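Peer 1: My structure is in data_2.txt, and what it holds is compact mmCIF, N, CA and C atoms:
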```
# COMPACT_ATOMS: atom_id res chain seq x y z
N MET R 289 40.83 60.59 38.87
CA MET R 289 41.49 59.33 38.62
C MET R 289 41.15 58.86 37.22
N PRO R 290 42.11 58.78 36.36
CA PRO R 290 41.85 58.30 34.99
C PRO R 290 41.73 56.79 34.94
N GLY R 291 41.42 56.30 33.76
CA GLY R 291 41.41 54.85 33.55
C GLY R 291 40.18 54.18 34.12
N ALA R 292 40.41 53.04 34.74
CA ALA R 292 39.31 52.18 35.18
C ALA R 292 38.39 52.84 36.20
N THR R 293 38.89 53.81 36.93
CA THR R 293 38.04 54.47 37.93
C THR R 293 37.54 55.83 37.47
N ALA R 294 37.68 56.15 36.20
CA ALA R 294 37.26 57.45 35.67
C ALA R 294 35.77 57.69 35.88
N PHE R 295 34.99 56.63 36.02
CA PHE R 295 33.55 56.84 36.17
C PHE R 295 33.19 57.56 37.47
N VAL R 296 34.01 57.44 38.51
CA VAL R 296 33.68 58.08 39.79
C VAL R 296 33.71 59.60 39.67
N PRO R 297 34.82 60.23 39.22
CA PRO R 297 34.78 61.68 39.06
C PRO R 297 33.77 62.13 37.99
N ALA R 298 33.56 61.33 36.96
CA ALA R 298 32.58 61.68 35.93
C ALA R 298 31.18 61.73 36.54
N LEU R 299 30.87 60.77 37.40
CA LEU R 299 29.56 60.75 38.07
C LEU R 299 29.40 61.98 38.95
N VAL R 300 30.43 62.30 39.72
CA VAL R 300 30.37 63.47 40.60
C VAL R 300 30.25 64.75 39.77
N ASN R 301 31.05 64.88 38.70
CA ASN R 301 31.01 66.07 37.84
C ASN R 301 29.68 66.24 37.12
N SER R 302 28.95 65.15 36.93
CA SER R 302 27.73 65.19 36.13
C SER R 302 26.62 66.03 36.75
N GLY R 303 26.61 66.11 38.07
CA GLY R 303 25.51 66.80 38.74
C GLY R 303 24.24 65.97 38.79
N LEU R 304 24.28 64.77 38.26
CA LEU R 304 23.12 63.87 38.28
C LEU R 304 23.11 63.10 39.60
N PRO R 305 21.96 62.54 39.97
CA PRO R 305 21.90 61.80 41.24
C PRO R 305 22.97 60.71 41.29
N ASN R 306 23.71 60.68 42.40
CA ASN R 306 24.77 59.68 42.52
C ASN R 306 24.58 58.74 43.69
N ASP R 307 23.40 58.77 44.28
CA ASP R 307 23.12 57.86 45.39
C ASP R 307 22.82 56.44 44.91
N ARG R 308 22.30 56.33 43.68
CA ARG R 308 22.01 55.03 43.07
C ARG R 308 22.39 55.12 41.60
N PHE R 309 23.30 54.25 41.17
CA PHE R 309 23.74 54.28 39.79
C PHE R 309 24.11 52.87 39.35
N ILE R 310 24.21 52.72 38.02
CA ILE R 310 24.69 51.47 37.45
C ILE R 310 25.82 51.79 36.49
N PHE R 311 26.83 50.94 36.50
CA PHE R 311 27.96 51.08 35.61
C PHE R 311 27.82 50.07 34.49
N GLU R 312 27.70 50.56 33.26
CA GLU R 312 27.51 49.68 32.10
C GLU R 312 28.79 49.42 31.33
N GLY R 313 29.82 50.23 31.53
CA GLY R 313 31.06 50.07 30.77
C GLY R 313 30.79 50.36 29.30
N PHE R 314 31.49 49.64 28.40
CA PHE R 314 31.27 49.81 26.97
C PHE R 314 30.04 49.00 26.56
N LEU R 315 29.18 49.60 25.74
CA LEU R 315 28.03 48.88 25.20
C LEU R 315 28.50 47.87 24.16
N PRO R 316 27.72 46.82 23.91
CA PRO R 316 28.09 45.87 22.85
C PRO R 316 28.24 46.60 21.52
N GLU R 317 29.13 46.13 20.68
CA GLU R 317 29.36 46.75 19.37
C GLU R 317 28.12 46.68 18.49
N LYS R 318 27.62 45.49 18.23
CA LYS R 318 26.48 45.32 17.34
C LYS R 318 25.45 44.40 17.99
N LYS R 319 25.79 43.14 18.10
CA LYS R 319 24.85 42.17 18.64
C LYS R 319 24.55 42.49 20.11
N GLY R 320 23.29 42.70 20.38
CA GLY R 320 22.87 42.97 21.74
C GLY R 320 22.80 44.44 22.11
N ARG R 321 23.26 45.31 21.25
CA ARG R 321 23.27 46.75 21.58
C ARG R 321 21.85 47.30 21.73
N GLN R 322 20.99 47.04 20.73
CA GLN R 322 19.61 47.52 20.79
C GLN R 322 18.88 46.89 21.98
N THR R 323 19.09 45.61 22.21
CA THR R 323 18.46 44.92 23.34
C THR R 323 18.87 45.58 24.65
N ARG R 324 20.14 45.95 24.77
CA ARG R 324 20.63 46.59 25.99
C ARG R 324 19.97 47.95 26.17
N TYR R 325 19.89 48.73 25.09
CA TYR R 325 19.22 50.03 25.17
C TYR R 325 17.76 49.89 25.59
N LEU R 326 17.05 48.92 25.00
CA LEU R 326 15.64 48.72 25.35
C LEU R 326 15.48 48.37 26.82
N ALA R 327 16.40 47.57 27.35
CA ALA R 327 16.35 47.22 28.78
C ALA R 327 16.65 48.43 29.65
N LEU R 328 17.55 49.29 29.20
CA LEU R 328 17.96 50.45 29.99
C LEU R 328 16.99 51.63 29.88
N ALA R 329 16.12 51.63 28.90
CA ALA R 329 15.20 52.76 28.69
C ALA R 329 14.33 53.03 29.90
N GLU R 330 14.01 52.00 30.67
CA GLU R 330 13.15 52.17 31.85
C GLU R 330 13.95 52.29 33.16
N GLU R 331 15.27 52.27 33.06
CA GLU R 331 16.14 52.34 34.24
C GLU R 331 15.98 53.68 34.93
N THR R 332 15.75 53.67 36.25
CA THR R 332 15.57 54.92 37.00
C THR R 332 16.86 55.39 37.67
N ARG R 333 17.85 54.52 37.74
CA ARG R 333 19.13 54.93 38.33
C ARG R 333 19.98 55.65 37.28
N THR R 334 20.91 56.45 37.73
CA THR R 334 21.87 57.08 36.84
C THR R 334 22.72 56.00 36.19
N MET R 335 22.97 56.14 34.89
CA MET R 335 23.72 55.13 34.13
C MET R 335 25.06 55.70 33.68
N ILE R 336 26.10 54.87 33.74
CA ILE R 336 27.44 55.30 33.37
C ILE R 336 27.97 54.39 32.27
N PHE R 337 28.49 55.01 31.21
CA PHE R 337 29.02 54.27 30.06
C PHE R 337 30.41 54.78 29.72
N TYR R 338 31.26 53.89 29.24
CA TYR R 338 32.50 54.29 28.59
C TYR R 338 32.22 54.32 27.10
N VAL R 339 32.72 55.36 26.41
CA VAL R 339 32.45 55.53 24.99
C VAL R 339 33.75 55.93 24.29
N SER R 340 34.05 55.28 23.18
CA SER R 340 35.23 55.68 22.42
C SER R 340 34.90 56.96 21.66
N PRO R 341 35.88 57.84 21.45
CA PRO R 341 35.59 59.13 20.82
C PRO R 341 34.98 59.02 19.43
N HIS R 342 35.39 58.03 18.64
CA HIS R 342 34.83 57.93 17.29
C HIS R 342 33.40 57.38 17.29
N LYS R 343 32.90 56.94 18.43
CA LYS R 343 31.52 56.44 18.52
C LYS R 343 30.62 57.35 19.36
N LEU R 344 31.15 58.47 19.86
CA LEU R 344 30.36 59.31 20.76
C LEU R 344 29.12 59.89 20.08
N VAL R 345 29.26 60.46 18.89
CA VAL R 345 28.11 61.07 18.22
C VAL R 345 27.04 60.02 17.96
N LYS R 346 27.44 58.85 17.49
CA LYS R 346 26.49 57.76 17.25
C LYS R 346 25.80 57.36 18.57
N THR R 347 26.58 57.25 19.63
CA THR R 347 26.02 56.86 20.93
C THR R 347 25.06 57.91 21.45
N LEU R 348 25.40 59.18 21.32
CA LEU R 348 24.49 60.24 21.75
C LEU R 348 23.19 60.22 20.94
N ALA R 349 23.28 59.96 19.64
CA ALA R 349 22.08 59.84 18.81
C ALA R 349 21.22 58.67 19.29
N GLU R 350 21.87 57.59 19.71
CA GLU R 350 21.12 56.45 20.26
C GLU R 350 20.50 56.80 21.61
N PHE R 351 21.18 57.61 22.42
CA PHE R 351 20.58 58.07 23.68
C PHE R 351 19.29 58.83 23.38
N VAL R 352 19.33 59.72 22.38
CA VAL R 352 18.13 60.46 21.99
C VAL R 352 17.04 59.49 21.55
N GLN R 353 17.40 58.53 20.73
CA GLN R 353 16.43 57.57 20.19
C GLN R 353 15.80 56.71 21.28
N TYR R 354 16.60 56.16 22.17
CA TYR R 354 16.10 55.19 23.15
C TYR R 354 15.69 55.81 24.49
N PHE R 355 16.33 56.91 24.88
CA PHE R 355 16.04 57.51 26.19
C PHE R 355 15.23 58.79 26.08
N GLY R 356 15.22 59.40 24.89
CA GLY R 356 14.48 60.64 24.68
C GLY R 356 15.41 61.84 24.62
N ALA R 357 15.03 62.82 23.80
CA ALA R 357 15.85 64.01 23.57
C ALA R 357 16.06 64.84 24.82
N GLU R 358 15.13 64.76 25.76
CA GLU R 358 15.19 65.59 26.96
C GLU R 358 15.92 64.93 28.14
N ARG R 359 16.36 63.69 27.97
CA ARG R 359 17.07 62.99 29.05
C ARG R 359 18.36 63.73 29.36
N GLN R 360 18.67 63.92 30.63
CA GLN R 360 19.88 64.62 31.03
C GLN R 360 21.12 63.75 30.81
N VAL R 361 22.15 64.36 30.23
CA VAL R 361 23.39 63.66 29.90
C VAL R 361 24.57 64.54 30.30
N SER R 362 25.62 63.89 30.73
CA SER R 362 26.88 64.57 31.02
C SER R 362 28.00 63.77 30.36
N ILE R 363 28.82 64.46 29.60
CA ILE R 363 29.98 63.82 28.96
C ILE R 363 31.24 64.41 29.58
N SER R 364 32.04 63.55 30.19
CA SER R 364 33.34 63.97 30.72
C SER R 364 34.42 63.31 29.88
N ARG R 365 35.41 64.10 29.53
CA ARG R 365 36.51 63.54 28.74
C ARG R 365 37.84 64.04 29.27
N GLU R 366 38.85 63.20 29.08
CA GLU R 366 40.21 63.52 29.50
C GLU R 366 40.28 63.90 30.98
N LEU R 367 39.58 63.15 31.82
CA LEU R 367 39.57 63.44 33.26
C LEU R 367 40.99 63.43 33.82
N SER R 368 41.27 64.41 34.63
CA SER R 368 42.55 64.62 35.32
C SER R 368 43.70 64.94 34.36
N LYS R 369 43.37 65.34 33.15
CA LYS R 369 44.40 65.70 32.17
C LYS R 369 44.25 67.18 31.79
N LEU R 370 45.19 67.69 31.03
CA LEU R 370 45.25 69.09 30.66
C LEU R 370 43.96 69.59 29.99
N HIS R 371 43.38 68.77 29.11
CA HIS R 371 42.20 69.20 28.35
C HIS R 371 40.90 68.61 28.91
N GLU R 372 40.84 68.43 30.22
CA GLU R 372 39.64 67.89 30.87
C GLU R 372 38.44 68.77 30.53
N GLU R 373 37.31 68.10 30.30
CA GLU R 373 36.09 68.83 29.91
C GLU R 373 34.88 68.03 30.35
N THR R 374 33.86 68.74 30.83
CA THR R 374 32.57 68.12 31.11
C THR R 374 31.50 68.99 30.46
N ILE R 375 30.67 68.37 29.62
CA ILE R 375 29.56 69.04 28.94
C ILE R 375 28.28 68.42 29.47
N ARG R 376 27.35 69.26 29.94
CA ARG R 376 26.07 68.78 30.50
C ARG R 376 24.91 69.40 29.73
N GLY R 377 23.81 68.66 29.67
CA GLY R 377 22.60 69.18 29.04
C GLY R 377 21.67 68.04 28.70
N THR R 378 20.69 68.32 27.87
CA THR R 378 19.81 67.26 27.40
C THR R 378 20.59 66.42 26.39
N ALA R 379 20.11 65.23 26.14
CA ALA R 379 20.78 64.37 25.16
C ALA R 379 20.87 65.07 23.81
N ASP R 380 19.84 65.78 23.42
CA ASP R 380 19.84 66.48 22.14
C ASP R 380 20.85 67.62 22.12
N GLU R 381 20.92 68.40 23.20
CA GLU R 381 21.89 69.51 23.28
C GLU R 381 23.33 69.01 23.21
N VAL R 382 23.61 67.96 23.95
CA VAL R 382 24.97 67.42 23.99
C VAL R 382 25.34 66.80 22.63
N LEU R 383 24.37 66.14 22.00
CA LEU R 383 24.59 65.59 20.66
C LEU R 383 24.98 66.71 19.69
N LYS R 384 24.24 67.80 19.70
CA LYS R 384 24.53 68.92 18.80
C LYS R 384 25.91 69.51 19.07
N HIS R 385 26.29 69.60 20.35
CA HIS R 385 27.61 70.11 20.71
C HIS R 385 28.71 69.27 20.06
N TYR R 386 28.61 67.95 20.20
CA TYR R 386 29.67 67.08 19.68
C TYR R 386 29.57 66.83 18.18
N GLU R 387 28.43 67.07 17.56
CA GLU R 387 28.36 67.04 16.09
C GLU R 387 29.19 68.19 15.53
N ALA R 388 29.17 69.32 16.23
CA ALA R 388 29.92 70.51 15.78
C ALA R 388 31.39 70.45 16.18
N ARG R 389 31.71 69.71 17.24
CA ARG R 389 33.08 69.63 17.76
C ARG R 389 33.44 68.17 18.03
N PRO R 390 33.93 67.45 17.04
CA PRO R 390 34.26 66.04 17.26
C PRO R 390 35.21 65.85 18.44
N PRO R 391 34.90 64.91 19.32
CA PRO R 391 35.70 64.74 20.54
C PRO R 391 36.96 63.92 20.32
N LYS R 392 37.88 64.08 21.26
CA LYS R 392 39.10 63.26 21.32
C LYS R 392 39.26 62.81 22.75
N GLY R 393 40.01 61.75 22.95
CA GLY R 393 40.37 61.33 24.30
C GLY R 393 39.44 60.31 24.90
N GLU R 394 39.69 60.04 26.19
CA GLU R 394 38.89 59.08 26.94
C GLU R 394 37.59 59.74 27.38
N ILE R 395 36.47 59.02 27.19
CA ILE R 395 35.15 59.61 27.42
C ILE R 395 34.32 58.74 28.35
N VAL R 396 33.65 59.42 29.30
CA VAL R 396 32.68 58.77 30.17
C VAL R 396 31.35 59.50 29.98
N ALA R 397 30.31 58.76 29.63
CA ALA R 397 28.96 59.32 29.49
C ALA R 397 28.14 58.94 30.71
N VAL R 398 27.50 59.93 31.31
CA VAL R 398 26.63 59.71 32.45
C VAL R 398 25.23 60.16 32.03
N VAL R 399 24.25 59.27 32.20
CA VAL R 399 22.89 59.53 31.73
C VAL R 399 21.94 59.44 32.92
N GLY R 400 21.10 60.44 33.07
CA GLY R 400 20.11 60.43 34.14
C GLY R 400 19.11 59.31 33.93
N GLY R 401 18.63 58.75 35.02
CA GLY R 401 17.63 57.71 34.94
C GLY R 401 16.28 58.26 34.53
N LYS R 402 15.41 57.37 34.14
CA LYS R 402 14.05 57.76 33.74
C LYS R 402 13.32 58.29 34.98
N ILE R 403 12.66 59.40 34.80
CA ILE R 403 11.89 60.00 35.90
C ILE R 403 10.47 59.48 35.82
N SER R 404 9.99 58.95 36.93
CA SER R 404 8.63 58.40 36.97
C SER R 404 7.60 59.52 36.95
N VAL R 405 6.37 59.19 36.60
CA VAL R 405 5.28 60.15 36.57
C VAL R 405 5.11 60.77 37.96
N LYS R 406 5.25 59.96 38.99
CA LYS R 406 5.12 60.44 40.37
C LYS R 406 6.18 61.50 40.68
N GLU R 407 7.42 61.25 40.27
CA GLU R 407 8.50 62.21 40.49
C GLU R 407 8.28 63.49 39.69
N LYS R 408 7.75 63.37 38.45
CA LYS R 408 7.48 64.54 37.63
C LYS R 408 6.46 65.44 38.32
N ARG R 409 5.40 64.83 38.88
CA ARG R 409 4.37 65.61 39.56
C ARG R 409 4.97 66.33 40.75
N LYS R 410 5.84 65.65 41.50
CA LYS R 410 6.46 66.25 42.68
C LYS R 410 7.33 67.43 42.26
N ASP R 411 8.07 67.31 41.14
CA ASP R 411 8.90 68.39 40.65
C ASP R 411 8.08 69.57 40.17
N ASP R 412 6.89 69.32 39.65
CA ASP R 412 6.03 70.39 39.14
C ASP R 412 5.35 71.18 40.26
N GLU R 413 5.29 70.61 41.44
CA GLU R 413 4.60 71.28 42.56
C GLU R 413 5.38 72.44 43.11
```
I'd like the structure from this file rewritten - as C-alpha cells, please.
Peer 2:
Amino acid sequence: MPGATAFVPALVNSGLPNDRFIFEGFLPEKKGRQTRYLALAEETRTMIFYVSPHKLVKTLAEFVQYFGAERQVSISRELSKLHEETIRGTADEVLKHYEARPPKGEIVAVVGGKISVKEKRKDDE
C-alpha cells in the first residue's frame, strides 16, 4: 500500500522487530531535529520515518551520528511500484549504498531500536 500507509509494508519488509514500533513520520527540517534525534537515541522500539529522496543520504549520516554505525536500518522505496526496493544493513552500510546510488521516489526508513546491555548478553549466549 503506497502513500500514508506505506510504513506497514516497509516495517514488515525490514525484518526488524514489529511487535513494538513508533511512527515518526518526517523529522523536523531544522529546528528541533537534533533534539528529536537525541530523544530517539535511547528508544528501544523499532522506529519508522518518512524521508524525501534528496535528504536520504543526510538522514542516514545522522542515523550513524546519533544511533551508531552498527544500528540496523532498512530503506524501502517505491513500495508497490515497478521499481520497489528494500535495502537492509547497518546504518553505515546503507549510507554507503545510497552515497554511491542516489535514490529516487517515496522512501520509508525503518531503524532498529537500541539494544539494551541485557539483550546483548542474551544474544551472545
Peer 1: Skipping near chain neighbours, those fewer than 2 positions away, what residues fall within 5 Å of segment 353-367 of chain R using only N, CA and C atoms, listed as a PyMOL selection string?
Peer 2: chain R and resi 349-351+369+372-380+394-400
Peer 1: Distance atom N of Leu370 of chain R-atom C of Ala298 of chain R, one decimal place?
Peer 2: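 For atom N of Leu370 of chain R relative to atom C of Ala298 of chain R, the distance reads 16.2 Å.
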Peer 1: Tell me which of R:Val339, R:Ile403, R:Ala388, R:Leu344 sits closest to Leu315 of chain R, counting only N, CA and C atoms.
Peer 2: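 Closest candidate: R:Val339.
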Peer 1: Take the point (22.6, 55.1, 42.1) in the file's coordinates, draw a sphere of radius 6 Å around it, and report as a list in words every protein, DNA or RNA residue with an atom inside or on it, counting only N, CA and C atoms.
Peer 2: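 Checked against the point, the hits come out as Pro305, Asn306, Asp307, Arg308, Phe309, Ile310, Arg333 and Thr334 of chain R.
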Peer 1: DSSP on the backbone: which residues in chain R end up as strand (DSSP E or B)? Give the answer as a list in words.
Peer 2: Phe309, Ile310, Phe311, Glu312, Gly313, Thr334, Met335, Ile336, Phe337, Tyr338, Val339, Gln360, Val361, Ser362, Ile363, Ser364, Arg365, Glu373, Thr374, Ile375, Arg376, Gly377, Thr378, Ile395, Val396, Ala397, Val398 and Val399 of chain R
Peer 1: Atom C of Gly313 of chain R to atom CA of Ser404 of chain R: how many Å, to one decimal?
Peer 2: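 Answer for the atom C of Gly313 of chain R to atom CA of Ser404 of chain R separation: 24.8 Å.
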Peer 1: Supply segment 298-315 of chain R as a PDB file, keeping the file's coordinate frame, with N, CA, C and O atoms built in where the input has gaps.
Peer 2:
```pdb
ATOM      1  N   ALA R 298      33.560  61.330  36.960  1.00  0.00           N
ATOM      2  CA  ALA R 298      32.580  61.680  35.930  1.00  0.00           C
ATOM      3  C   ALA R 298      31.180  61.730  36.540  1.00  0.00           C
ATOM      4  O   ALA R 298      30.395  62.636  36.240  1.00  0.00           O
ATOM      5  N   LEU R 299      30.870  60.770  37.400  1.00  0.00           N
ATOM      6  CA  LEU R 299      29.560  60.750  38.070  1.00  0.00           C
ATOM      7  C   LEU R 299      29.400  61.980  38.950  1.00  0.00           C
ATOM      8  O   LEU R 299      28.375  62.659  38.915  1.00  0.00           O
ATOM      9  N   VAL R 300      30.430  62.300  39.720  1.00  0.00           N
ATOM     10  CA  VAL R 300      30.370  63.470  40.600  1.00  0.00           C
ATOM     11  C   VAL R 300      30.250  64.750  39.770  1.00  0.00           C
ATOM     12  O   VAL R 300      29.429  65.618  40.076  1.00  0.00           O
ATOM     13  N   ASN R 301      31.050  64.880  38.700  1.00  0.00           N
ATOM     14  CA  ASN R 301      31.010  66.070  37.840  1.00  0.00           C
ATOM     15  C   ASN R 301      29.680  66.240  37.120  1.00  0.00           C
ATOM     16  O   ASN R 301      29.320  67.335  36.738  1.00  0.00           O
ATOM     17  N   SER R 302      28.950  65.150  36.930  1.00  0.00           N
ATOM     18  CA  SER R 302      27.730  65.190  36.130  1.00  0.00           C
ATOM     19  C   SER R 302      26.620  66.030  36.750  1.00  0.00           C
ATOM     20  O   SER R 302      25.788  66.574  36.040  1.00  0.00           O
ATOM     21  N   GLY R 303      26.610  66.110  38.070  1.00  0.00           N
ATOM     22  CA  GLY R 303      25.510  66.800  38.740  1.00  0.00           C
ATOM     23  C   GLY R 303      24.240  65.970  38.790  1.00  0.00           C
ATOM     24  O   GLY R 303      23.219  66.413  39.320  1.00  0.00           O
ATOM     25  N   LEU R 304      24.280  64.770  38.260  1.00  0.00           N
ATOM     26  CA  LEU R 304      23.120  63.870  38.280  1.00  0.00           C
ATOM     27  C   LEU R 304      23.110  63.100  39.600  1.00  0.00           C
ATOM     28  O   LEU R 304      24.142  63.016  40.281  1.00  0.00           O
ATOM     29  N   PRO R 305      21.960  62.540  39.970  1.00  0.00           N
ATOM     30  CA  PRO R 305      21.900  61.800  41.240  1.00  0.00           C
ATOM     31  C   PRO R 305      22.970  60.710  41.290  1.00  0.00           C
ATOM     32  O   PRO R 305      23.145  59.947  40.335  1.00  0.00           O
ATOM     33  N   ASN R 306      23.710  60.680  42.400  1.00  0.00           N
ATOM     34  CA  ASN R 306      24.770  59.680  42.520  1.00  0.00           C
ATOM     35  C   ASN R 306      24.580  58.740  43.690  1.00  0.00           C
ATOM     36  O   ASN R 306      25.482  57.991  44.038  1.00  0.00           O
ATOM     37  N   ASP R 307      23.400  58.770  44.280  1.00  0.00           N
ATOM     38  CA  ASP R 307      23.120  57.860  45.390  1.00  0.00           C
ATOM     39  C   ASP R 307      22.820  56.440  44.910  1.00  0.00           C
ATOM     40  O   ASP R 307      23.077  55.469  45.608  1.00  0.00           O
ATOM     41  N   ARG R 308      22.300  56.330  43.680  1.00  0.00           N
ATOM     42  CA  ARG R 308      22.010  55.030  43.070  1.00  0.00           C
ATOM     43  C   ARG R 308      22.390  55.120  41.600  1.00  0.00           C
ATOM     44  O   ARG R 308      21.890  55.963  40.871  1.00  0.00           O
ATOM     45  N   PHE R 309      23.300  54.250  41.170  1.00  0.00           N
ATOM     46  CA  PHE R 309      23.740  54.280  39.790  1.00  0.00           C
ATOM     47  C   PHE R 309      24.110  52.870  39.350  1.00  0.00           C
ATOM     48  O   PHE R 309      24.292  51.978  40.154  1.00  0.00           O
ATOM     49  N   ILE R 310      24.210  52.720  38.020  1.00  0.00           N
ATOM     50  CA  ILE R 310      24.690  51.470  37.450  1.00  0.00           C
ATOM     51  C   ILE R 310      25.820  51.790  36.490  1.00  0.00           C
ATOM     52  O   ILE R 310      25.783  52.786  35.777  1.00  0.00           O
ATOM     53  N   PHE R 311      26.830  50.940  36.500  1.00  0.00           N
ATOM     54  CA  PHE R 311      27.960  51.080  35.610  1.00  0.00           C
ATOM     55  C   PHE R 311      27.820  50.070  34.490  1.00  0.00           C
ATOM     56  O   PHE R 311      27.792  48.871  34.736  1.00  0.00           O
ATOM     57  N   GLU R 312      27.700  50.560  33.260  1.00  0.00           N
ATOM     58  CA  GLU R 312      27.510  49.680  32.100  1.00  0.00           C
ATOM     59  C   GLU R 312      28.790  49.420  31.330  1.00  0.00           C
ATOM     60  O   GLU R 312      28.843  48.507  30.522  1.00  0.00           O
ATOM     61  N   GLY R 313      29.820  50.230  31.530  1.00  0.00           N
ATOM     62  CA  GLY R 313      31.060  50.070  30.770  1.00  0.00           C
ATOM     63  C   GLY R 313      30.790  50.360  29.300  1.00  0.00           C
ATOM     64  O   GLY R 313      29.988  51.225  28.960  1.00  0.00           O
ATOM     65  N   PHE R 314      31.490  49.640  28.400  1.00  0.00           N
ATOM     66  CA  PHE R 314      31.270  49.810  26.970  1.00  0.00           C
ATOM     67  C   PHE R 314      30.040  49.000  26.560  1.00  0.00           C
ATOM     68  O   PHE R 314      29.899  47.847  26.959  1.00  0.00           O
ATOM     69  N   LEU R 315      29.180  49.600  25.740  1.00  0.00           N
ATOM     70  CA  LEU R 315      28.030  48.880  25.200  1.00  0.00           C
ATOM     71  C   LEU R 315      28.500  47.870  24.160  1.00  0.00           C
ATOM     72  O   LEU R 315      29.558  48.059  23.554  1.00  0.00           O
TER      73      LEU R 315
END
```
